[in-house]
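Containing TSV, C-alpha atoms: input-v6.tsv.
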```tsv
chain	number	residue	atom	x	y	z
A	232	MET	CA	-13.44	-13.94	-30.53
A	233	LYS	CA	-10.11	-12.34	-29.76
A	234	LYS	CA	-6.96	-13.85	-31.13
A	235	SER	CA	-4.33	-14.42	-28.49
A	236	GLY	CA	-1.91	-12.38	-30.59
A	237	SER	CA	-4.08	-9.25	-30.56
A	238	ASP	CA	-3.38	-6.54	-28.00
A	239	ASP	CA	-6.49	-5.06	-26.44
A	240	ARG	CA	-4.55	-3.45	-23.60
A	241	LEU	CA	-4.54	0.30	-23.29
A	242	TYR	CA	-1.64	2.49	-24.33
A	243	LEU	CA	-1.27	6.10	-23.21
A	244	ASP	CA	-2.70	7.15	-26.57
A	245	ASP	CA	-5.89	5.17	-25.86
A	246	LEU	CA	-6.65	6.90	-22.57
A	247	ARG	CA	-8.77	10.01	-22.23
A	248	VAL	CA	-9.44	12.20	-19.21
A	249	GLY	CA	-12.70	11.19	-17.55
A	250	GLN	CA	-12.51	7.62	-18.83
A	251	ARG	CA	-13.85	5.10	-16.31
A	252	LEU	CA	-12.97	1.43	-15.91
A	253	THR	CA	-14.53	-1.10	-13.57
A	254	SER	CA	-12.83	-4.17	-12.11
A	255	GLY	CA	-14.17	-7.57	-11.22
A	256	THR	CA	-15.04	-8.31	-7.59
A	257	HIS	CA	-13.26	-10.00	-4.70
A	258	VAL	CA	-14.87	-11.39	-1.56
A	259	VAL	CA	-12.77	-10.89	1.58
A	260	ASP	CA	-13.16	-13.42	4.36
A	261	GLU	CA	-11.86	-13.70	7.91
A	262	GLU	CA	-9.17	-16.21	7.00
A	263	GLN	CA	-7.70	-13.93	4.29
A	264	ILE	CA	-7.66	-11.03	6.74
A	265	LYS	CA	-5.85	-13.06	9.40
A	266	ALA	CA	-3.40	-14.60	6.92
A	267	PHE	CA	-2.33	-11.21	5.56
A	268	ALA	CA	-2.11	-9.81	9.08
A	269	ARG	CA	0.05	-12.67	10.34
A	270	GLN	CA	2.50	-12.02	7.53
A	271	PHE	CA	2.53	-8.22	7.28
A	272	ASP	CA	0.38	-6.47	9.87
A	273	PRO	CA	0.21	-8.49	13.10
A	274	GLN	CA	-2.11	-6.28	15.14
A	275	PRO	CA	-4.95	-7.52	17.38
A	276	PHE	CA	-7.75	-5.85	15.39
A	277	HIS	CA	-6.68	-7.85	12.31
A	278	LEU	CA	-6.01	-11.14	14.09
A	279	ASP	CA	-8.41	-11.64	16.98
A	280	LYS	CA	-12.17	-11.15	16.86
A	281	GLU	CA	-12.55	-10.55	20.58
A	282	ALA	CA	-9.66	-8.08	20.83
A	283	ALA	CA	-10.98	-6.34	17.69
A	284	LYS	CA	-14.36	-5.77	19.36
A	285	ARG	CA	-12.64	-3.71	22.03
A	286	SER	CA	-10.59	-1.71	19.47
A	287	LEU	CA	-11.26	1.51	17.60
A	288	PHE	CA	-12.87	-0.59	14.86
A	289	SER	CA	-15.42	-2.45	17.06
A	290	GLY	CA	-14.74	-5.67	15.17
A	291	LEU	CA	-12.27	-7.51	12.97
A	292	VAL	CA	-11.03	-5.44	10.00
A	293	ALA	CA	-8.55	-5.92	7.19
A	294	GLY	CA	-5.43	-3.79	7.31
A	295	GLY	CA	-5.24	-0.89	4.89
A	296	TRP	CA	-2.30	-2.52	3.09
A	297	HIS	CA	-4.39	-5.64	2.62
A	298	THR	CA	-7.15	-3.55	1.05
A	299	ALA	CA	-4.48	-1.95	-1.14
A	300	ALA	CA	-3.11	-5.36	-2.18
A	301	ILE	CA	-6.59	-6.67	-3.07
A	302	THR	CA	-7.21	-3.48	-5.04
A	303	MET	CA	-3.98	-4.10	-6.95
A	304	ARG	CA	-5.08	-7.64	-7.76
A	305	LEU	CA	-8.40	-6.35	-9.11
A	306	LEU	CA	-6.62	-3.71	-11.20
A	307	VAL	CA	-4.06	-6.16	-12.60
A	308	GLU	CA	-6.74	-8.72	-13.43
A	309	GLY	CA	-8.70	-6.50	-15.76
A	310	GLY	CA	-9.71	-3.45	-13.75
A	311	LEU	CA	-7.05	-1.36	-15.45
A	312	PRO	CA	-5.78	-3.22	-18.53
A	313	LEU	CA	-2.75	-1.08	-19.31
A	314	ALA	CA	-0.19	-2.09	-21.90
A	315	GLY	CA	3.07	-2.81	-20.14
A	316	GLY	CA	1.28	-3.65	-16.88
A	317	THR	CA	0.17	-1.69	-13.87
A	318	ILE	CA	3.32	0.16	-12.86
A	319	GLY	CA	2.93	2.87	-10.25
A	320	ALA	CA	5.52	5.48	-9.37
A	321	GLY	CA	3.54	6.45	-6.30
A	322	GLY	CA	0.35	8.07	-5.22
A	323	GLU	CA	-2.01	9.13	-2.50
A	324	LEU	CA	-3.96	6.70	-0.40
A	325	ASN	CA	-6.94	7.08	1.92
A	326	TRP	CA	-8.95	4.55	3.84
A	327	PRO	CA	-12.27	6.23	4.73
A	328	ASN	CA	-13.83	2.95	5.95
A	329	PRO	CA	-12.29	-0.38	6.97
A	330	THR	CA	-12.73	-3.60	5.00
A	331	ARG	CA	-14.58	-6.22	7.06
A	332	PRO	CA	-14.99	-10.01	6.71
A	333	GLY	CA	-17.64	-10.83	4.11
A	334	ASP	CA	-17.13	-7.61	2.14
A	335	THR	CA	-17.20	-7.81	-1.63
A	336	LEU	CA	-14.75	-5.31	-3.07
A	337	GLN	CA	-14.80	-3.73	-6.52
A	338	VAL	CA	-12.65	-0.97	-7.97
A	339	GLU	CA	-13.76	1.85	-10.21
A	340	SER	CA	-10.97	3.84	-11.81
A	341	GLU	CA	-11.12	7.22	-13.51
A	342	VAL	CA	-8.40	8.77	-15.62
A	343	LEU	CA	-7.63	12.22	-14.20
A	344	GLU	CA	-4.61	13.33	-16.20
A	345	ILE	CA	-2.50	12.14	-19.12
A	346	ARG	CA	1.00	13.42	-19.53
A	347	PRO	CA	3.34	12.18	-22.28
A	348	SER	CA	6.99	12.20	-21.29
A	349	TRP	CA	9.21	14.81	-22.96
A	350	SER	CA	12.41	12.94	-22.36
A	351	ARG	CA	11.05	9.45	-23.15
A	352	PRO	CA	8.74	9.56	-26.19
A	353	ASP	CA	7.86	5.88	-25.76
A	354	ARG	CA	5.93	6.45	-22.54
A	355	GLY	CA	4.06	8.84	-20.29
A	356	VAL	CA	2.36	9.16	-16.94
A	357	ALA	CA	-1.37	8.74	-16.35
A	358	THR	CA	-2.91	9.89	-13.09
A	359	VAL	CA	-5.72	7.53	-12.19
A	360	ARG	CA	-8.06	7.64	-9.19
A	361	SER	CA	-9.24	4.20	-8.12
A	362	LEU	CA	-12.13	3.95	-5.67
A	363	THR	CA	-12.47	0.61	-3.92
A	364	ARG	CA	-16.01	0.06	-2.69
A	365	ASN	CA	-17.76	-2.64	-0.69
A	366	GLN	CA	-21.17	-4.17	-1.41
A	367	ARG	CA	-22.86	-1.33	0.53
A	368	ASN	CA	-21.24	1.12	-1.87
A	369	GLU	CA	-19.05	2.49	0.94
A	370	VAL	CA	-15.62	3.59	-0.18
A	371	VAL	CA	-12.92	1.62	1.66
A	372	GLN	CA	-9.99	3.05	-0.28
A	373	VAL	CA	-9.24	6.03	-2.48
A	374	LEU	CA	-6.02	5.61	-4.41
A	375	THR	CA	-4.78	8.36	-6.71
A	376	ALA	CA	-1.80	6.87	-8.50
A	377	LYS	CA	0.72	8.02	-11.06
A	378	LEU	CA	1.12	5.18	-13.51
A	379	ILE	CA	3.81	4.69	-16.13
A	380	VAL	CA	2.07	3.82	-19.42
A	381	PRO	CA	3.75	3.03	-22.76
A	382	ARG	CA	2.80	4.90	-25.93
A	383	ARG	CA	2.01	3.27	-29.25
A	384	VAL	CA	5.29	3.69	-31.09
B	355	MET	CA	13.97	-5.15	33.22
B	356	LYS	CA	10.56	-4.11	32.05
B	357	LYS	CA	7.51	-5.49	33.73
B	358	SER	CA	5.00	-6.95	31.31
B	359	GLY	CA	2.41	-4.62	32.76
B	360	SER	CA	4.39	-1.48	31.95
B	361	ASP	CA	3.56	0.41	28.76
B	362	ASP	CA	6.60	1.65	26.84
B	363	ARG	CA	4.59	2.38	23.72
B	364	LEU	CA	4.33	5.94	22.56
B	365	TYR	CA	1.26	8.10	23.09
B	366	LEU	CA	0.64	11.31	21.17
B	367	ASP	CA	1.96	13.21	24.20
B	368	ASP	CA	5.30	11.36	23.94
B	369	LEU	CA	5.94	12.34	20.33
B	370	ARG	CA	7.84	15.44	19.27
B	371	VAL	CA	8.37	16.94	15.83
B	372	GLY	CA	11.70	15.81	14.41
B	373	GLN	CA	11.77	12.62	16.48
B	374	ARG	CA	13.30	9.69	14.57
B	375	LEU	CA	12.70	5.99	15.03
B	376	THR	CA	14.46	3.10	13.32
B	377	SER	CA	13.00	-0.34	12.62
B	378	GLY	CA	14.60	-3.74	12.51
B	379	THR	CA	15.55	-5.22	9.13
B	380	HIS	CA	13.93	-7.66	6.73
B	381	VAL	CA	15.67	-9.61	3.97
B	382	VAL	CA	13.56	-9.99	0.83
B	383	ASP	CA	14.16	-13.06	-1.31
B	384	GLU	CA	12.92	-14.23	-4.69
B	385	GLU	CA	10.40	-16.66	-3.21
B	386	GLN	CA	8.75	-13.94	-1.08
B	387	ILE	CA	8.51	-11.67	-4.13
B	388	LYS	CA	6.89	-14.37	-6.25
B	389	ALA	CA	4.52	-15.50	-3.46
B	390	PHE	CA	3.21	-11.97	-2.90
B	391	ALA	CA	2.91	-11.43	-6.65
B	392	ARG	CA	0.98	-14.68	-7.19
B	393	GLN	CA	-1.53	-13.55	-4.58
B	394	PHE	CA	-1.84	-9.82	-5.20
B	395	ASP	CA	0.19	-8.56	-8.13
B	396	PRO	CA	0.55	-11.24	-10.82
B	397	GLN	CA	2.70	-9.40	-13.34
B	398	PRO	CA	5.64	-10.90	-15.27
B	399	PHE	CA	8.29	-8.61	-13.73
B	400	HIS	CA	7.36	-9.92	-10.25
B	401	LEU	CA	6.96	-13.58	-11.25
B	402	ASP	CA	9.39	-14.55	-13.96
B	403	LYS	CA	13.12	-13.75	-13.99
B	404	GLU	CA	13.46	-14.00	-17.76
B	405	ALA	CA	10.40	-11.87	-18.53
B	406	ALA	CA	11.56	-9.38	-15.90
B	407	LYS	CA	14.92	-8.96	-17.68
B	408	ARG	CA	13.06	-7.68	-20.73
B	409	SER	CA	10.85	-5.32	-18.68
B	410	LEU	CA	11.27	-1.71	-17.60
B	411	PHE	CA	13.00	-3.02	-14.46
B	412	SER	CA	15.71	-5.14	-16.20
B	413	GLY	CA	15.25	-7.88	-13.62
B	414	LEU	CA	12.91	-9.33	-11.02
B	415	VAL	CA	11.50	-6.74	-8.60
B	416	ALA	CA	9.03	-6.75	-5.73
B	417	GLY	CA	5.77	-4.94	-6.31
B	418	GLY	CA	5.32	-1.59	-4.61
B	419	TRP	CA	2.51	-2.97	-2.46
B	420	HIS	CA	4.84	-5.75	-1.31
B	421	THR	CA	7.41	-3.15	-0.27
B	422	ALA	CA	4.59	-1.30	1.51
B	423	ALA	CA	3.48	-4.48	3.30
B	424	ILE	CA	7.04	-5.29	4.44
B	425	THR	CA	7.41	-1.70	5.64
B	426	MET	CA	4.22	-2.10	7.67
B	427	ARG	CA	5.58	-5.27	9.25
B	428	LEU	CA	8.78	-3.46	10.23
B	429	LEU	CA	6.79	-0.55	11.69
B	430	VAL	CA	4.41	-2.81	13.64
B	431	GLU	CA	7.27	-4.91	15.00
B	432	GLY	CA	9.03	-2.07	16.76
B	433	GLY	CA	9.81	0.50	14.07
B	434	LEU	CA	7.01	2.73	15.28
B	435	PRO	CA	5.86	1.53	18.71
B	436	LEU	CA	2.68	3.57	19.02
B	437	ALA	CA	0.17	2.99	21.78
B	438	GLY	CA	-3.02	1.65	20.24
B	439	GLY	CA	-1.15	0.23	17.26
B	440	THR	CA	-0.15	1.51	13.87
B	441	ILE	CA	-3.43	2.84	12.50
B	442	GLY	CA	-3.21	4.90	9.33
B	443	ALA	CA	-5.98	7.05	7.91
B	444	GLY	CA	-4.07	7.42	4.67
B	445	GLY	CA	-1.00	9.01	3.23
B	446	GLU	CA	1.31	9.58	0.33
B	447	LEU	CA	3.46	6.89	-1.18
B	448	ASN	CA	6.40	6.94	-3.56
B	449	TRP	CA	8.62	4.21	-4.87
B	450	PRO	CA	11.81	5.88	-6.14
B	451	ASN	CA	13.62	2.54	-6.60
B	452	PRO	CA	12.35	-1.04	-6.81
B	453	THR	CA	13.01	-3.70	-4.17
B	454	ARG	CA	15.06	-6.57	-5.60
B	455	PRO	CA	15.76	-10.13	-4.40
B	456	GLY	CA	18.43	-10.14	-1.70
B	457	ASP	CA	17.67	-6.62	-0.53
B	458	THR	CA	17.72	-5.94	3.21
B	459	LEU	CA	15.08	-3.37	4.05
B	460	GLN	CA	14.99	-1.05	7.05
B	461	VAL	CA	12.62	1.80	7.86
B	462	GLU	CA	13.50	5.13	9.39
B	463	SER	CA	10.56	7.23	10.50
B	464	GLU	CA	10.44	10.90	11.38
B	465	VAL	CA	7.59	12.70	13.12
B	466	LEU	CA	6.59	15.67	10.95
B	467	GLU	CA	3.48	16.99	12.68
B	468	ILE	CA	1.44	16.34	15.81
B	469	ARG	CA	-2.15	17.42	15.95
B	470	PRO	CA	-4.41	16.66	18.94
B	471	SER	CA	-8.04	16.17	17.99
B	472	TRP	CA	-10.45	18.92	19.05
B	473	SER	CA	-13.51	16.74	18.95
B	474	ARG	CA	-11.90	13.63	20.49
B	475	PRO	CA	-9.63	14.62	23.41
B	476	ASP	CA	-8.47	10.99	23.80
B	477	ARG	CA	-6.55	10.96	20.51
B	478	GLY	CA	-4.85	12.92	17.77
B	479	VAL	CA	-3.16	12.59	14.41
B	480	ALA	CA	0.59	12.32	13.90
B	481	THR	CA	2.06	12.80	10.45
B	482	VAL	CA	5.05	10.50	10.08
B	483	ARG	CA	7.39	10.11	7.13
B	484	SER	CA	8.84	6.61	6.86
B	485	LEU	CA	11.75	6.02	4.50
B	486	THR	CA	12.36	2.40	3.56
B	487	ARG	CA	15.94	1.86	2.45
B	488	ASN	CA	17.89	-1.08	1.11
B	489	GLN	CA	21.41	-2.15	2.12
B	490	ARG	CA	22.89	0.26	-0.43
B	491	ASN	CA	21.09	3.10	1.35
B	492	GLU	CA	18.83	3.62	-1.66
B	493	VAL	CA	15.30	4.68	-0.78
B	494	VAL	CA	12.78	2.15	-2.11
B	495	GLN	CA	9.74	3.77	-0.53
B	496	VAL	CA	8.76	7.11	0.95
B	497	LEU	CA	5.55	6.90	2.96
B	498	THR	CA	4.10	10.00	4.57
B	499	ALA	CA	1.22	8.73	6.67
B	500	LYS	CA	-1.39	10.24	8.92
B	501	LEU	CA	-1.61	8.02	11.96
B	502	ILE	CA	-4.25	7.95	14.66
B	503	VAL	CA	-2.50	7.97	18.04
B	504	PRO	CA	-4.14	7.85	21.49
B	505	ARG	CA	-3.36	10.44	24.16
B	506	ARG	CA	-2.47	9.71	27.75
B	507	VAL	CA	-5.79	10.28	29.48
```
Output the file's structure in the form of structure tokens.
Amino acid sequence: MKKSGSDDRLYLDDLRVGQRLTSGTHVVDEEQIKAFARQFDPQPFHLDKEAAKRSLFSGLVAGGWHTAAITMRLLVEGGLPLAGGTIGAGGELNWPNPTRPGDTLQVESEVLEIRPSWSRPDRGVATVRSLTRNQRNEVVQVLTAKLIVPRRV
Amino acid sequence: MKKSGSDDRLYLDDLRVGQRLTSGTHVVDEEQIKAFARQFDPQPFHLDKEAAKRSLFSGLVAGGWHTAAITMRLLVEGGLPLAGGTIGAGGELNWPNPTRPGDTLQVESEVLEIRPSWSRPDRGVATVRSLTRNQRNEVVQVLTAKLIVPRRV
């Protein structure tokens, strides 16, 4: 049993290149897709099943930014338990396949690079590639992010 | 006066390298920041003013994905009026400064590259850099996206 005072989150010093971490899962449904779209991405292929059928996607899909937001939730809630939180300075993003209603998403992250800061000895930057997959093992998002991670000082 | 049947959205053929487009504005408040964070990015510096003061950010900030989602809304609602919608295949993302409560965001986009598809003559890819700035003209997000844009056929 872990004491609430203990810190099992990862510092830069705890990471190693090639390390893999797996998140929990999240099931995306039509209502979530439409709700996100109404607020941030009001396009027919995210809002209207019939219009979506006639679109490039041949059916209702989640917006890429919705997939990104769900991925973030999965990372924050245990997929990438970094000390100091999940703080990104930026990154590269690809959406090879769309997220569709009923998809179960899960994120697998791999540490690609670890770089302690020269100017700030209390922190560094970790480059992490996070693949978001659906239940058919199709990749819906590839995110390669530069994350600010504290060091054990 | 424009007829509702007329199409003033931009096709690949209407774009030119160097072309700039400016979005409307969006005011971000504390409640929006917390609501997005509760749903997608539940970290103390997005949820709790006091905890945020003690964080890297020295105050409450919007998550990067929230800034990205607001940027998308501004692009979809006129900032980048592409025929067929704003459909990204992926891109690069940087957050040089955080978005804070009270910030007014606006997006300026510039067409960097236009590439008709060889295999699909009805479309192509435009590379567009979208800078999201606050009212102090600080850049809070740089997005360089590859967008799928239909051709006039």
Applying 10 Å and all atoms listed in the file, which residues near Val507 of chain B remain after dropping the ones on its own chain fewer than 6 positions away? List them as a CSV table (one decimal) with C-alpha atoms, in the frame of the given file.
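Dumped to around_37.csv:
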```csv
chain,number,residue,atom,x,y,z
B,365,TYR,CA,1.3,8.1,23.1
B,367,ASP,CA,2.0,13.2,24.2
B,475,PRO,CA,-9.6,14.6,23.4
B,476,ASP,CA,-8.5,11.0,23.8
B,477,ARG,CA,-6.6,11.0,20.5
```
Superimposed copy of chain B on chain A by least squares over C-alpha atoms, as a tab-separated table (two decimals) with C-alpha atoms, in the coordinates of the input:
```tsv
chain	number	residue	atom	x	y	z
B	355	MET	CA	-13.27	-13.66	-31.03
B	356	LYS	CA	-9.96	-12.13	-30.16
B	357	LYS	CA	-6.80	-13.63	-31.50
B	358	SER	CA	-4.21	-14.31	-28.83
B	359	GLY	CA	-1.79	-12.19	-30.80
B	360	SER	CA	-4.00	-9.10	-30.72
B	361	ASP	CA	-3.34	-6.47	-28.05
B	362	ASP	CA	-6.48	-5.05	-26.44
B	363	ARG	CA	-4.55	-3.48	-23.59
B	364	LEU	CA	-4.57	0.26	-23.28
B	365	TYR	CA	-1.66	2.46	-24.32
B	366	LEU	CA	-1.30	6.06	-23.19
B	367	ASP	CA	-2.73	7.12	-26.57
B	368	ASP	CA	-5.92	5.13	-25.86
B	369	LEU	CA	-6.66	6.87	-22.57
B	370	ARG	CA	-8.80	9.98	-22.23
B	371	VAL	CA	-9.46	12.18	-19.22
B	372	GLY	CA	-12.71	11.17	-17.55
B	373	GLN	CA	-12.53	7.59	-18.83
B	374	ARG	CA	-13.86	5.07	-16.29
B	375	LEU	CA	-12.98	1.42	-15.89
B	376	THR	CA	-14.54	-1.12	-13.55
B	377	SER	CA	-12.83	-4.19	-12.09
B	378	GLY	CA	-14.18	-7.58	-11.19
B	379	THR	CA	-15.04	-8.31	-7.55
B	380	HIS	CA	-13.27	-10.01	-4.67
B	381	VAL	CA	-14.88	-11.40	-1.52
B	382	VAL	CA	-12.77	-10.89	1.60
B	383	ASP	CA	-13.16	-13.42	4.40
B	384	GLU	CA	-11.87	-13.69	7.94
B	385	GLU	CA	-9.16	-16.20	7.04
B	386	GLN	CA	-7.70	-13.93	4.33
B	387	ILE	CA	-7.66	-11.01	6.77
B	388	LYS	CA	-5.86	-13.03	9.44
B	389	ALA	CA	-3.39	-14.59	6.96
B	390	PHE	CA	-2.34	-11.19	5.60
B	391	ALA	CA	-2.11	-9.79	9.12
B	392	ARG	CA	0.05	-12.67	10.37
B	393	GLN	CA	2.49	-11.99	7.55
B	394	PHE	CA	2.52	-8.21	7.30
B	395	ASP	CA	0.38	-6.46	9.88
B	396	PRO	CA	0.19	-8.47	13.11
B	397	GLN	CA	-2.11	-6.27	15.16
B	398	PRO	CA	-4.94	-7.50	17.41
B	399	PHE	CA	-7.74	-5.82	15.41
B	400	HIS	CA	-6.69	-7.82	12.32
B	401	LEU	CA	-6.03	-11.12	14.13
B	402	ASP	CA	-8.40	-11.62	17.01
B	403	LYS	CA	-12.18	-11.11	16.89
B	404	GLU	CA	-12.53	-10.51	20.62
B	405	ALA	CA	-9.65	-8.04	20.85
B	406	ALA	CA	-10.96	-6.31	17.73
B	407	LYS	CA	-14.36	-5.74	19.40
B	408	ARG	CA	-12.63	-3.66	22.05
B	409	SER	CA	-10.58	-1.68	19.50
B	410	LEU	CA	-11.26	1.54	17.62
B	411	PHE	CA	-12.86	-0.58	14.88
B	412	SER	CA	-15.42	-2.43	17.09
B	413	GLY	CA	-14.74	-5.65	15.20
B	414	LEU	CA	-12.27	-7.48	12.98
B	415	VAL	CA	-11.04	-5.42	10.02
B	416	ALA	CA	-8.55	-5.91	7.21
B	417	GLY	CA	-5.44	-3.78	7.33
B	418	GLY	CA	-5.22	-0.88	4.90
B	419	TRP	CA	-2.30	-2.51	3.10
B	420	HIS	CA	-4.41	-5.64	2.64
B	421	THR	CA	-7.16	-3.55	1.05
B	422	ALA	CA	-4.47	-1.95	-1.13
B	423	ALA	CA	-3.11	-5.37	-2.15
B	424	ILE	CA	-6.59	-6.68	-3.05
B	425	THR	CA	-7.21	-3.50	-5.03
B	426	MET	CA	-3.99	-4.12	-6.95
B	427	ARG	CA	-5.10	-7.66	-7.74
B	428	LEU	CA	-8.41	-6.36	-9.09
B	429	LEU	CA	-6.63	-3.72	-11.19
B	430	VAL	CA	-4.07	-6.19	-12.59
B	431	GLU	CA	-6.76	-8.75	-13.41
B	432	GLY	CA	-8.71	-6.53	-15.76
B	433	GLY	CA	-9.70	-3.47	-13.72
B	434	LEU	CA	-7.06	-1.38	-15.44
B	435	PRO	CA	-5.80	-3.25	-18.51
B	436	LEU	CA	-2.78	-1.10	-19.31
B	437	ALA	CA	-0.21	-2.12	-21.88
B	438	GLY	CA	3.06	-2.83	-20.11
B	439	GLY	CA	1.28	-3.66	-16.86
B	440	THR	CA	0.16	-1.71	-13.85
B	441	ILE	CA	3.32	0.13	-12.85
B	442	GLY	CA	2.92	2.85	-10.23
B	443	ALA	CA	5.51	5.46	-9.37
B	444	GLY	CA	3.55	6.42	-6.29
B	445	GLY	CA	0.36	8.07	-5.22
B	446	GLU	CA	-2.01	9.12	-2.51
B	447	LEU	CA	-3.97	6.70	-0.40
B	448	ASN	CA	-6.92	7.07	1.93
B	449	TRP	CA	-8.94	4.56	3.85
B	450	PRO	CA	-12.26	6.24	4.73
B	451	ASN	CA	-13.82	2.97	5.96
B	452	PRO	CA	-12.29	-0.36	6.98
B	453	THR	CA	-12.73	-3.60	5.02
B	454	ARG	CA	-14.58	-6.21	7.09
B	455	PRO	CA	-15.00	-9.99	6.75
B	456	GLY	CA	-17.64	-10.82	4.14
B	457	ASP	CA	-17.13	-7.61	2.19
B	458	THR	CA	-17.20	-7.81	-1.60
B	459	LEU	CA	-14.75	-5.32	-3.04
B	460	GLN	CA	-14.81	-3.75	-6.49
B	461	VAL	CA	-12.65	-0.99	-7.95
B	462	GLU	CA	-13.76	1.82	-10.20
B	463	SER	CA	-10.97	3.82	-11.79
B	464	GLU	CA	-11.12	7.19	-13.49
B	465	VAL	CA	-8.40	8.75	-15.62
B	466	LEU	CA	-7.64	12.20	-14.20
B	467	GLU	CA	-4.62	13.32	-16.21
B	468	ILE	CA	-2.51	12.12	-19.13
B	469	ARG	CA	0.99	13.40	-19.54
B	470	PRO	CA	3.33	12.14	-22.30
B	471	SER	CA	6.98	12.15	-21.29
B	472	TRP	CA	9.18	14.75	-22.98
B	473	SER	CA	12.40	12.89	-22.41
B	474	ARG	CA	11.03	9.40	-23.18
B	475	PRO	CA	8.72	9.52	-26.23
B	476	ASP	CA	7.84	5.82	-25.76
B	477	ARG	CA	5.90	6.41	-22.54
B	478	GLY	CA	4.03	8.81	-20.30
B	479	VAL	CA	2.34	9.14	-16.94
B	480	ALA	CA	-1.38	8.72	-16.35
B	481	THR	CA	-2.91	9.87	-13.09
B	482	VAL	CA	-5.73	7.50	-12.18
B	483	ARG	CA	-8.05	7.62	-9.19
B	484	SER	CA	-9.24	4.18	-8.12
B	485	LEU	CA	-12.12	3.94	-5.66
B	486	THR	CA	-12.47	0.59	-3.91
B	487	ARG	CA	-16.01	0.06	-2.67
B	488	ASN	CA	-17.75	-2.63	-0.67
B	489	GLN	CA	-21.17	-4.16	-1.38
B	490	ARG	CA	-22.85	-1.34	0.56
B	491	ASN	CA	-21.25	1.14	-1.84
B	492	GLU	CA	-19.06	2.50	0.95
B	493	VAL	CA	-15.61	3.59	-0.18
B	494	VAL	CA	-12.92	1.62	1.67
B	495	GLN	CA	-9.99	3.06	-0.26
B	496	VAL	CA	-9.25	6.03	-2.48
B	497	LEU	CA	-6.02	5.60	-4.42
B	498	THR	CA	-4.79	8.35	-6.71
B	499	ALA	CA	-1.80	6.85	-8.49
B	500	LYS	CA	0.71	7.99	-11.04
B	501	LEU	CA	1.12	5.15	-13.50
B	502	ILE	CA	3.78	4.66	-16.13
B	503	VAL	CA	2.06	3.77	-19.41
B	504	PRO	CA	3.73	2.99	-22.75
B	505	ARG	CA	2.78	4.83	-25.94
B	506	ARG	CA	1.98	3.23	-29.26
B	507	VAL	CA	5.26	3.63	-31.10
```
(message) Applying 9 Å and all atoms listed in the file, which residues near Asp334 of chain A remain after dropping the ones on its own chain fewer than 2 positions away? List them as a list of chain:residue names.
(response) A:His257, A:Val258, A:Val259, A:Asp260, A:Thr330, A:Arg331, A:Pro332, A:Leu336, A:Asn365, A:Gln366, A:Arg367
(request) Counting only C-alpha atoms, collect the residues of chain A whose closest atom lies at most 6 Å from chain B, and write them out as a PyMOL selection string. (result) chain A and resi 271-272+300+304+320-326
(message) Within 10 Å of (4.7, 15.0, -15.0) (file coordinates; only C-alpha atoms), which protein or nucleic acid residues are there? I'd like them as a PyMOL selection string.
(response) chain A and resi 344-349+355-358+377
(request) To one decimal in Å, tell me the separation between atom CA of Val415 of chain B and atom CA of Leu485 of chain B. (result)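 Distance between the two atoms: 18.3 Å.
Between atom CA of Leu501 of chain B and atom CA of Ile264 of chain A there is a distance of 20.7 Å.
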(message) So the first atom is atom CA of Asn368 of chain A and the second is atom CA of Asp245 of chain A; what is the distance between them in Å, to one decimal place?
(response) 28.8 Å
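Comparing the minimum interatomic distances between Arg374 of chain B and each of B:Val503, B:Val493, B:Glu464, B:Val482, counting all atoms listed in the file, we find that B:Glu464 sits nearest.
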Give the padded box for segment 256-266 of chain A as JSON: axis-aligned, covering all atoms listed in the file, 4 Å on each side, centre and edge lengths in Å to one decimal.
```
{"center_x": -9.2, "center_y": -12.3, "center_z": 0.9, "size_x": 19.6, "size_y": 15.9, "size_z": 25.0}
```
Add whatever atoms are absent from segment 370-378 of chain A to reach N, CA and C atoms, and provide the output as a short mmCIF file (atom, residue, chain, number, x, y, z; two decimals), in the coordinates of the input.
```cif
data_model
loop_
_atom_site.label_atom_id
_atom_site.label_comp_id
_atom_site.auth_asym_id
_atom_site.auth_seq_id
_atom_site.Cartn_x
_atom_site.Cartn_y
_atom_site.Cartn_z
N VAL A 370 -16.99 3.56 0.33
CA VAL A 370 -15.62 3.59 -0.18
C VAL A 370 -14.66 3.15 0.93
N VAL A 371 -13.90 2.10 0.67
CA VAL A 371 -12.92 1.62 1.66
C VAL A 371 -11.52 2.12 1.33
N GLN A 372 -11.29 2.50 0.08
CA GLN A 372 -9.99 3.05 -0.28
C GLN A 372 -10.10 4.02 -1.46
N VAL A 373 -9.42 5.12 -1.34
CA VAL A 373 -9.24 6.03 -2.48
C VAL A 373 -7.75 6.04 -2.79
N LEU A 374 -7.42 5.61 -3.99
CA LEU A 374 -6.02 5.61 -4.41
C LEU A 374 -5.90 6.52 -5.63
N THR A 375 -5.07 7.54 -5.53
CA THR A 375 -4.78 8.36 -6.71
C THR A 375 -3.33 8.09 -7.07
N ALA A 376 -3.14 7.37 -8.18
CA ALA A 376 -1.80 6.87 -8.50
C ALA A 376 -1.27 7.47 -9.79
N LYS A 377 0.04 7.64 -9.82
CA LYS A 377 0.72 8.02 -11.06
C LYS A 377 1.28 6.75 -11.67
N LEU A 378 0.77 6.44 -12.86
CA LEU A 378 1.12 5.18 -13.51
C LEU A 378 1.96 5.44 -14.76
#
```
